[in-house]
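Colleague: One file is attached below, entry.txt, containing compact mmCIF, C-alpha atoms.
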```txt
# COMPACT_ATOMS: atom_id res chain seq x y z
CA MET K 21 159.90 89.00 82.21
CA MET K 22 159.87 91.82 84.75
CA THR K 23 156.36 93.15 85.26
CA ASP K 24 156.92 95.46 88.22
CA LEU K 25 154.84 98.62 88.49
CA ARG K 26 155.04 101.76 90.59
CA ILE K 27 151.82 101.95 92.59
CA THR K 28 150.44 104.93 94.50
CA GLU K 29 147.58 103.04 96.16
CA ILE K 30 145.24 100.08 95.91
CA PHE K 31 141.88 100.54 97.58
CA TYR K 32 138.34 99.18 97.70
CA SER K 33 135.51 101.67 97.32
CA LEU K 34 132.39 102.50 95.34
CA GLN K 35 132.94 103.51 91.75
CA GLY K 36 132.27 107.24 91.68
CA GLU K 37 131.96 107.65 87.91
CA THR K 38 131.39 105.85 84.59
CA ARG K 39 128.81 103.22 83.66
CA THR K 40 129.46 101.19 86.82
CA VAL K 41 128.93 104.13 89.19
CA GLY K 42 127.94 103.02 92.68
CA LEU K 43 129.29 99.48 92.35
CA PRO K 44 131.94 98.12 94.76
CA THR K 45 135.25 98.25 92.91
CA VAL K 46 138.95 97.74 93.59
CA PHE K 47 141.07 100.63 92.30
CA VAL K 48 144.70 100.19 91.32
CA ARG K 49 146.24 103.66 91.06
CA LEU K 50 149.52 103.76 89.15
CA THR K 51 152.07 106.51 89.80
CA GLY K 52 153.06 109.12 87.24
CA CYS K 53 151.40 111.28 84.59
CA PRO K 54 152.84 113.32 81.71
CA LEU K 55 149.89 115.74 81.74
CA ARG K 56 149.11 118.63 84.06
CA CYS K 57 145.39 119.31 83.68
CA GLY K 58 144.21 122.41 85.52
CA TYR K 59 141.50 120.52 87.39
CA CYS K 60 143.52 117.44 88.34
CA ASP K 61 142.41 115.95 91.67
CA THR K 62 145.09 113.24 91.94
CA GLU K 63 148.29 115.26 91.93
CA TYR K 64 149.51 113.07 94.79
CA ALA K 65 149.89 110.29 92.20
CA PHE K 66 152.39 112.24 90.07
CA HIS K 67 155.42 111.15 92.10
CA GLY K 68 156.53 108.64 94.67
CA GLY K 69 154.59 105.43 94.93
CA GLU K 70 155.94 101.98 95.69
CA LYS K 71 157.50 99.57 93.23
CA ARG K 72 155.55 96.32 93.38
CA THR K 73 155.46 93.03 91.54
CA GLN K 74 152.50 92.13 89.41
CA GLN K 75 151.89 89.13 91.67
CA SER K 76 151.67 91.24 94.83
CA ILE K 77 149.21 93.57 93.10
CA LEU K 78 147.05 90.65 91.99
CA GLU K 79 147.08 89.19 95.49
CA GLU K 80 145.94 92.44 97.08
CA VAL K 81 143.20 92.88 94.50
CA ALA K 82 142.00 89.31 95.09
CA SER K 83 141.86 89.85 98.85
CA HIS K 84 138.84 92.13 98.34
CA LYS K 85 136.97 89.52 96.23
CA PRO K 86 135.86 92.15 93.71
CA ARG K 87 133.74 91.84 90.61
CA TYR K 88 135.03 95.12 89.21
CA VAL K 89 138.59 96.42 89.01
CA THR K 90 139.60 99.87 87.75
CA VAL K 91 143.18 100.66 86.76
CA THR K 92 143.75 104.40 87.01
CA GLY K 93 146.39 107.01 87.78
CA GLY K 94 147.96 109.41 87.17
CA GLU K 95 148.12 108.06 83.67
CA PRO K 96 148.37 104.28 83.92
CA LEU K 97 149.55 103.77 80.34
CA ALA K 98 152.64 105.87 81.08
CA GLN K 99 154.02 102.63 82.58
CA PRO K 100 154.39 100.00 79.82
CA ASN K 101 153.83 97.18 82.32
CA CYS K 102 150.27 98.39 82.72
CA LEU K 103 149.39 96.35 79.62
CA PRO K 104 150.30 92.90 81.03
CA LEU K 105 148.61 93.84 84.32
CA LEU K 106 145.37 94.62 82.49
CA THR K 107 145.53 91.29 80.66
CA GLU K 108 146.18 89.31 83.83
CA LEU K 109 143.32 91.04 85.66
CA CYS K 110 141.03 90.03 82.80
CA ASN K 111 142.38 86.47 83.02
CA GLN K 112 141.38 86.43 86.69
CA GLY K 113 137.75 86.94 85.66
CA TYR K 114 137.22 90.54 86.80
CA GLU K 115 135.39 93.16 84.76
CA VAL K 116 138.32 95.48 84.20
CA SER K 117 138.19 99.16 83.27
CA LEU K 118 141.03 101.48 82.36
CA GLU K 119 140.86 105.23 83.04
CA THR K 120 143.18 107.03 80.63
CA SER K 121 143.83 110.59 79.54
CA GLY K 122 143.79 109.73 75.85
CA ALA K 123 147.30 111.12 75.42
CA ILE K 124 149.04 107.72 75.10
CA THR K 125 148.26 105.11 72.49
CA LEU K 126 145.64 102.47 73.32
CA GLU K 127 147.35 100.01 71.01
CA GLY K 128 147.99 96.82 72.95
CA VAL K 129 145.23 97.27 75.54
CA ASP K 130 143.49 93.92 76.01
CA PRO K 131 140.18 94.01 74.09
CA ARG K 132 138.36 92.67 77.15
CA VAL K 133 139.15 95.89 79.04
CA VAL K 134 136.51 98.62 79.14
CA THR K 135 138.43 101.78 78.26
CA VAL K 136 137.24 105.07 79.72
CA MET K 137 139.11 107.67 77.69
CA ASP K 138 139.19 111.40 78.26
CA LEU K 139 139.15 113.92 75.48
CA LYS K 140 140.81 116.95 77.04
CA THR K 141 138.85 120.17 76.58
CA PRO K 142 140.44 123.59 75.90
CA ALA K 143 140.06 124.75 79.51
CA SER K 144 141.91 121.67 80.77
CA ASN K 145 145.12 123.33 79.47
CA GLU K 146 146.06 120.01 77.82
CA VAL K 147 143.87 119.93 74.70
CA SER K 148 146.99 119.68 72.53
CA ARG K 149 147.77 116.28 74.07
CA ASN K 150 144.69 114.54 72.66
CA LEU K 151 145.74 111.59 70.53
CA TYR K 152 142.73 111.41 68.25
CA GLU K 153 143.89 108.22 66.54
CA ASN K 154 143.00 106.51 69.82
CA ILE K 155 139.35 106.82 68.81
CA ASP K 156 140.03 104.15 66.18
CA HIS K 157 141.01 101.76 68.99
CA LEU K 158 137.72 102.23 70.87
CA SER K 159 134.91 99.68 70.62
CA GLN K 160 131.23 99.68 71.50
CA GLN K 161 131.88 98.67 75.11
CA ASP K 162 134.11 101.70 75.76
CA GLN K 163 133.35 105.18 77.09
CA VAL K 164 134.56 108.69 76.27
CA LYS K 165 134.64 111.36 78.98
CA PHE K 166 134.69 115.14 78.71
CA VAL K 167 135.39 117.23 81.81
CA ILE K 168 133.51 120.47 81.22
CA CYS K 169 134.94 123.65 82.77
CA ASN K 170 132.76 126.28 81.04
CA ARG K 171 130.33 126.86 78.18
CA GLY K 172 133.18 126.95 75.67
CA ASP K 173 134.25 123.46 76.72
CA TYR K 174 130.67 122.27 76.35
CA GLU K 175 130.40 123.57 72.78
CA TRP K 176 133.82 122.11 71.94
CA ALA K 177 132.73 118.71 73.29
CA ARG K 178 129.53 118.82 71.21
CA PHE K 179 131.60 119.52 68.12
CA LYS K 180 133.98 116.64 68.82
CA MET K 181 131.08 114.28 69.42
CA ASP K 182 129.76 115.08 65.96
CA GLU K 183 133.15 115.19 64.25
CA TYR K 184 134.07 111.69 65.40
CA ARG K 185 130.51 110.26 65.54
CA LEU K 186 131.15 109.19 69.11
CA ALA K 187 127.54 108.30 69.87
CA ASP K 188 127.78 105.56 67.25
CA LYS K 189 131.25 104.48 68.28
CA VAL K 190 131.09 103.87 72.04
CA ASP K 191 128.69 102.70 74.72
CA GLU K 192 128.65 105.91 76.75
CA ILE K 193 129.64 109.55 76.37
CA LEU K 194 130.19 111.09 79.78
CA PHE K 195 129.99 114.80 80.59
CA SER K 196 131.41 115.75 83.99
CA PRO K 197 131.26 119.25 85.47
CA SER K 198 134.70 120.35 86.59
CA PHE K 199 134.46 120.46 90.36
CA GLY K 200 134.15 124.07 91.50
CA GLN K 201 134.21 125.53 87.96
CA VAL K 202 130.78 124.84 86.49
CA HIS K 203 127.65 124.00 88.46
CA ALA K 204 126.27 120.52 87.80
CA ARG K 205 122.75 121.88 87.41
CA GLU K 206 123.93 124.34 84.76
CA LEU K 207 125.57 121.55 82.77
CA ALA K 208 122.44 119.44 83.17
CA GLU K 209 120.32 122.24 81.71
CA TRP K 210 122.64 122.60 78.71
CA ILE K 211 122.43 118.87 78.03
CA LEU K 212 118.64 118.90 78.27
CA ALA K 213 118.28 121.97 76.06
CA ASP K 214 120.31 120.28 73.31
CA ASN K 215 118.93 116.77 73.94
CA LEU K 216 122.44 115.35 73.83
CA PRO K 217 122.96 111.56 73.88
CA VAL K 218 125.30 111.81 76.86
CA ARG K 219 125.33 110.81 80.51
CA LEU K 220 125.83 113.57 83.07
CA GLN K 221 128.04 112.19 85.77
CA LEU K 222 128.85 113.60 89.16
CA GLN K 223 131.85 112.41 91.13
CA MET K 224 130.00 110.42 93.75
CA HIS K 225 133.15 109.70 95.74
CA LYS K 226 133.57 113.44 96.31
CA LEU K 227 130.01 113.73 97.56
CA LEU K 228 130.41 110.77 99.93
CA TRP K 229 134.01 111.17 101.14
CA ASP K 230 134.83 114.83 100.44
CA ASP K 231 137.57 113.93 97.95
CA ALA K 232 139.68 112.06 100.50
CA ALA K 233 142.44 109.85 99.06
CA GLY K 234 141.69 106.14 99.11
CA HIS K 235 138.11 106.60 97.92
```
Output the file's structure as structure tokens, nothing else.
Modeller:
Amino acid sequence: MMTDLRITEIFYSLQGETRTVGLPTVFVRLTGCPLRCGYCDTEYAFHGGEKRTQQSILEEVASHKPRYVTVTGGEPLAQPNCLPLLTELCNQGYEVSLETSGAITLEGVDPRVVTVMDLKTPASNEVSRNLYENIDHLSQQDQVKFVICNRGDYEWARFKMDEYRLADKVDEILFSPSFGQVHARELAEWILADNLPVRLQLQMHKLLWDDAAGH
């Protein structure tokens, strides 16, 4: 069975977000994304890339001797062969996470994978792409992320948390300030005022490496 994938980059860095923030991680960035979020910071992954075999990907990942591997994009699930790659990475003994927009079904994702799923807010310009039935595929180990662009996004995210009882459904709810659109301190104060059961996350890789590719 052909398991080739189009890859934008594979790199070793510190995880800049999610529950494993700060931990050395290998990132496998797949090429292509059907969404066009207004705040996207990986537009270079929309096109191009290099077609590679699953085996060559696994060999490069292994060369870094990682504990953690993150499969990201673009939108990794836009390539069907992402699913067998996720399974094989789990078989290799890594703690594997998947960063996904939430716009493509999670059906078929290996249950050992920690899924970090976005719910797109109104100001993302892609709120209509949310596939809410994906919430049924999430388990306690998974995480849901909201990128907050303004106060309206924040209130929308609060409503969705309650509507889908996300705090009971997943391990972490992540609120990220959209870089350059809402100040992190302002979002922190909103979270504190409402005593929300969420984790404020900053994009540590941007603070350390000024948003350079490969980090």
Colleague: So that I can see what lies close to region 168-176 of chain K, please list as number ranges by chain the residues with an atom at most 10 Å from it, counting only C-alpha atoms and leaving out residues fewer than 2 positions away in the same chain.
Modeller: K: 58-59, 140-144, 165-166, 178-181, 195-204, 206-207, 210-211
Colleague: I'd like the box whose edges run along x, y and z of the file and which contains every listed atom of region 193-212 of chain K, padded by 4 Å per side; could you state its centre and edge lengths in Å, one decimal, as AutoDock Vina command-line options?
Modeller:
```
--center_x 126.7 --center_y 117.5 --center_z 83.9 --size_x 24.1 --size_y 24.0 --size_z 23.1
```
Colleague: Identify, on the basis of all atoms listed in the file, every residue whose closest approach to region 32-48 of chain K does not exceed 10 Å; exclude the query and any residue fewer than 4 positions from it along the same chain; express the result as JSON, numbers by chain.
Modeller: {"K": [27, 28, 77, 78, 80, 81, 82, 83, 84, 85, 86, 87, 88, 89, 90, 91, 92, 93, 96, 115, 116, 117, 118, 119, 136, 162, 163, 164, 165, 191, 192, 193, 194, 195, 196, 219, 220, 221, 222, 223, 224, 225, 226, 227, 228, 234, 235]}
Colleague: Pick out the closest residue to Arg26 (chain K) from this set: K:Arg205, K:His67, K:Arg149, K:His157. Count all atoms listed in the file.
Modeller: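 Answer, going by the shortest atom-to-atom distance: K:His67.
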Colleague: So, with all atoms listed in the file as the atoms that count, which of K:Leu25, K:Val133, K:Cys53, K:Val147 lies closest to Arg72 (chain K)?
Modeller: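 Going through K:Leu25, K:Val133, K:Cys53, K:Val147 one by one, the smallest distance to Arg72 (chain K) is for K:Leu25.
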Colleague: For Glu95 (chain K), which residue out of K:Ala65, K:Cys110, K:Ile155, K:Leu216 is the nearest one, using all atoms listed in the file?
Modeller: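 Using all atoms listed in the file, the shortest distance to Glu95 (chain K) belongs to K:Ala65.
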Colleague: Point out the residue among K:Thr23, K:Asn215, K:Asn150, K:Gln160 with the least atom-to-atom distance to Ala123 (chain K), counting only C-alpha atoms.
Modeller: K:Asn150
Colleague: Could you jot down the CA of Gly69 (chain K) to CA of Thr135 (chain K) separation for me, Å, one decimal place?
Modeller: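 According to the coordinates, CA of Gly69 (chain K) and CA of Thr135 (chain K) are separated by 23.5 Å.
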Colleague: Which residues come within 8 Å of Val129 (chain K), counting only C-alpha atoms, excluding same-chain residues fewer than 3 positions away, as JSON, numbers by chain?
Modeller: {"K": [103, 106, 107, 126, 133]}
